[in-house]
Amino acid sequence: MTTLPVRSSTLDLIGNTPLVLLQGPSEAAGCEIWGKCEFANPGASVKDRAALWIVRDAEARGELQPGGTVVEGTAGNTGIGIALVCNALGYKCVIVMPDNQSKEKMDTLRALGAELVTVPPTKFADPNHFVHTSRRIAEEMDNAVWANQFDNVANRRAHIEGTAPEIWDQMDGKIHGFTCAVGTGGTLAGVGMGLKAFDEAVRIALTDPFGAALYSYYAEGELKSEGSSVAEGIGQGRITANLEGAPIDTQFRISDPEGLDWVARLLREEGLCLGLSSGINVAGAVALGRQLVAEGVENPRIATILCDTGFRYLSTLYNAEWLAAKDLPVFDWLGSASEG
Ligand code: PMP
């Protein structure tokens, strides 16, 4: 009998992702740093989980009817997850995205058959922000539901019921800390709540990029941002419903160059091609590992999220001209910007 996984439905391919011990980060932290391989989901990101839970929840509440449409505003990965889940269950979808996100994500959404609407990137207070635009489209359509990933807690339930018990199991209950960055907060809040339910002592840390307002909120009680980041899918300016009650013990702020350095090292030294939010998460996990080591915790074991595949960013993170234009360090194997 095979011990390799066999699934009777494509939707069962979502979740149960492998956990991998990261060599460079473990050496840098002086303890074990583990990465949850969310790029191994069918849509190549952590957001397949939220997409499946949100669609199943809308069905269970009777809001999503046969032939219906799911509408969502997204940086792209949630849209890709929703498009795959809708295809598998016979629904249509409309995806609204800010037009500064990677071309690869937009091309992928079109290829999957989603109806794509792009809007200029604006602040959340602007009525034309992608989130508000998606809500309006859903309201104006017949037989449509708004996924509302930021404030729909079916999102974090995917991580309370899925990601957290998987990590606990994969680490045999020997885990001292978990950290990741926040887009909606579903992953951080859900994994945090899920792990604390097993062991209240697991330290849960926010890893925030510059330009987001959560670091100062958890450090000083005030939503305040500083600087900026090119990382897609993360960087939140408010307490979403998914973040409410998140058990966050400590926080780190990580710069794009620090995150990019881990993206480069994980690719060149360990053969993992990832997006920038994964690099920022790994930098945060190293900081959390060092904190626990400095406190005298014996052999701490830390987990973080490897959120999506780097193939989604070939025209940005892996493009010398793009990096140089953003004043970011260019990976040396890409050549200089002028050589193209
Ligand atoms: N990384 C990437 C690449 C993402 O697309 C997202 C989702 N927006 C996240 C991290 C953050 O996940 P969450 O929405 O659960 O906070």
# chains A, B, ... in the order shown; residues from 1 in each chain; ligands from 1
>>> residues_near_ligand(ligand="ligand 1", cutoff="10 Å", atoms="only C-alpha atoms and all ligand atoms", output="PyMOL selection string")
chain A and resi 38-39+44-50+74-80+149-150+155-156+158-159+180-191+231-236+240+242-243+274-281+305-310+312
>>> select_by_dssp(residues="range 85-299 of chain A", states="strand (DSSP E or B)", output="ChimeraX atom specification")
/A:92-98,115-119,144-146,177-180,203-209,250-254,274
>>> closest_residue(among="A:Phe331, A:Gly245, A:Trp322, A:Ile302", to="Val153 in chain A", atoms="only C-alpha atoms")
A:Gly245
>>> select_by_dssp(residues="range 184-237 of chain A", states="helix (DSSP H, G or I)", output="number ranges by chain")
A: 186-198, 214-220
>>> residues_around(residues="range 10-21 of chain A", least_positions_apart="2", cutoff="8 Å", atoms="only C-alpha atoms", output="ChimeraX atom specification")
/A:7-8,23,26,32-38,40-42,48-49,52,85,88,162-163,166-167,170
>>> closest_residue(among="A:Pro257, A:Val71, A:Thr108, A:Arg56", to="Glu139 in chain A", atoms="only C-alpha atoms")
A:Val71
>>> residues_around(residues="Ala29 in chain A", least_positions_apart="6", cutoff="10 Å", atoms="only C-alpha atoms", output="ChimeraX atom specification")
/A:283,285-293,300,302
>>> atom_distance(atom1="CA of Pro329 in chain A", atom2="CA of Leu260 in chain A")
8.1 Å
>>> closest_residue(among="A:Gly24, A:Pro127, A:Leu109, A:Tyr215", to="Arg265 in chain A", atoms="only C-alpha atoms")
A:Gly24
>>> atom_distance(atom1="CA of Thr250 in chain A", atom2="CA of Trp262 in chain A")
21.3 Å
>>> residues_around(residues="Asp332 in chain A", least_positions_apart="5", cutoff="12 Å", atoms="only C-alpha atoms", output="MDAnalysis selection string")
chainID A and resid 261 264:265 268 318:320 323:324 337 339
>>> write_last_selection(atoms="N, CA and C atoms", output="mmCIF file, in the first residue's frame")
data_model
loop_
_atom_site.group_PDB
_atom_site.id
_atom_site.type_symbol
_atom_site.label_atom_id
_atom_site.label_comp_id
_atom_site.auth_asym_id
_atom_site.auth_seq_id
_atom_site.Cartn_x
_atom_site.Cartn_y
_atom_site.Cartn_z
ATOM 1 N N ASP A 261 16.948 39.582 0.909
ATOM 2 C CA ASP A 261 18.164 38.813 1.169
ATOM 3 C C ASP A 261 17.808 37.352 1.450
ATOM 4 N N ALA A 264 16.729 35.654 -1.790
ATOM 5 C CA ALA A 264 17.908 35.291 -2.590
ATOM 6 C C ALA A 264 18.608 34.066 -2.018
ATOM 7 N N ARG A 265 18.815 34.060 -0.682
ATOM 8 C CA ARG A 265 19.539 32.936 -0.069
ATOM 9 C C ARG A 265 18.746 31.635 -0.170
ATOM 10 N N ARG A 268 19.172 30.477 -3.859
ATOM 11 C CA ARG A 268 20.497 30.055 -4.307
ATOM 12 C C ARG A 268 21.095 28.952 -3.443
ATOM 13 N N TYR A 318 12.328 39.191 -9.657
ATOM 14 C CA TYR A 318 13.392 38.456 -10.362
ATOM 15 C C TYR A 318 13.786 39.170 -11.648
ATOM 16 N N ASN A 319 13.578 40.481 -11.687
ATOM 17 C CA ASN A 319 13.887 41.278 -12.877
ATOM 18 C C ASN A 319 14.811 42.432 -12.463
ATOM 19 N N ALA A 320 16.026 42.445 -13.029
ATOM 20 C CA ALA A 320 17.053 43.407 -12.603
ATOM 21 C C ALA A 320 16.579 44.848 -12.778
ATOM 22 N N LEU A 323 13.954 45.829 -10.077
ATOM 23 C CA LEU A 323 14.570 46.008 -8.752
ATOM 24 C C LEU A 323 15.345 47.319 -8.692
ATOM 25 N N ALA A 324 16.136 47.589 -9.758
ATOM 26 C CA ALA A 324 16.953 48.809 -9.771
ATOM 27 C C ALA A 324 16.054 50.049 -9.763
ATOM 28 N N ALA A 337 21.198 46.031 -14.240
ATOM 29 C CA ALA A 337 20.001 46.501 -14.932
ATOM 30 C C ALA A 337 20.320 46.882 -16.376
ATOM 31 N N GLU A 339 22.554 45.645 -18.371
ATOM 32 C CA GLU A 339 22.712 44.467 -19.229
ATOM 33 C C GLU A 339 21.368 43.819 -19.545
#
>>> decode(residues="range 196-208 of chain A", atoms="N, CA and C atoms", output="mmCIF file, in the first residue's frame")
data_model
loop_
_atom_site.group_PDB
_atom_site.id
_atom_site.type_symbol
_atom_site.label_atom_id
_atom_site.label_comp_id
_atom_site.auth_asym_id
_atom_site.auth_seq_id
_atom_site.Cartn_x
_atom_site.Cartn_y
_atom_site.Cartn_z
ATOM 1 N N LYS A 196 -2.311 28.287 20.129
ATOM 2 C CA LYS A 196 -2.523 28.575 21.562
ATOM 3 C C LYS A 196 -3.528 27.600 22.180
ATOM 4 N N ALA A 197 -4.459 27.109 21.360
ATOM 5 C CA ALA A 197 -5.429 26.146 21.894
ATOM 6 C C ALA A 197 -4.720 24.839 22.279
ATOM 7 N N PHE A 198 -3.614 24.524 21.573
ATOM 8 C CA PHE A 198 -2.830 23.339 21.953
ATOM 9 C C PHE A 198 -1.907 23.654 23.129
ATOM 10 N N ASP A 199 -1.269 24.837 23.086
ATOM 11 C CA ASP A 199 -0.297 25.203 24.118
ATOM 12 C C ASP A 199 -0.227 26.731 24.202
ATOM 13 N N GLU A 200 -0.736 27.244 25.295
ATOM 14 C CA GLU A 200 -0.815 28.701 25.506
ATOM 15 C C GLU A 200 0.575 29.347 25.454
ATOM 16 N N ALA A 201 1.627 28.566 25.712
ATOM 17 C CA ALA A 201 2.984 29.139 25.805
ATOM 18 C C ALA A 201 3.629 29.394 24.440
ATOM 19 N N VAL A 202 3.061 28.883 23.361
ATOM 20 C CA VAL A 202 3.667 29.128 22.039
ATOM 21 C C VAL A 202 3.655 30.634 21.792
ATOM 22 N N ARG A 203 4.841 31.202 21.493
ATOM 23 C CA ARG A 203 4.905 32.659 21.306
ATOM 24 C C ARG A 203 4.483 33.024 19.884
ATOM 25 N N ILE A 204 3.507 33.914 19.786
ATOM 26 C CA ILE A 204 2.988 34.329 18.477
ATOM 27 C C ILE A 204 3.481 35.746 18.188
ATOM 28 N N ALA A 205 4.164 35.900 17.055
ATOM 29 C CA ALA A 205 4.756 37.198 16.715
ATOM 30 C C ALA A 205 4.218 37.708 15.387
ATOM 31 N N LEU A 206 3.946 39.007 15.365
ATOM 32 C CA LEU A 206 3.641 39.680 14.095
ATOM 33 C C LEU A 206 4.961 40.046 13.430
ATOM 34 N N THR A 207 5.074 39.763 12.136
ATOM 35 C CA THR A 207 6.197 40.275 11.338
ATOM 36 C C THR A 207 5.598 41.274 10.352
ATOM 37 N N ASP A 208 5.891 42.551 10.542
ATOM 38 C CA ASP A 208 5.246 43.579 9.719
ATOM 39 C C ASP A 208 6.243 44.174 8.728
#
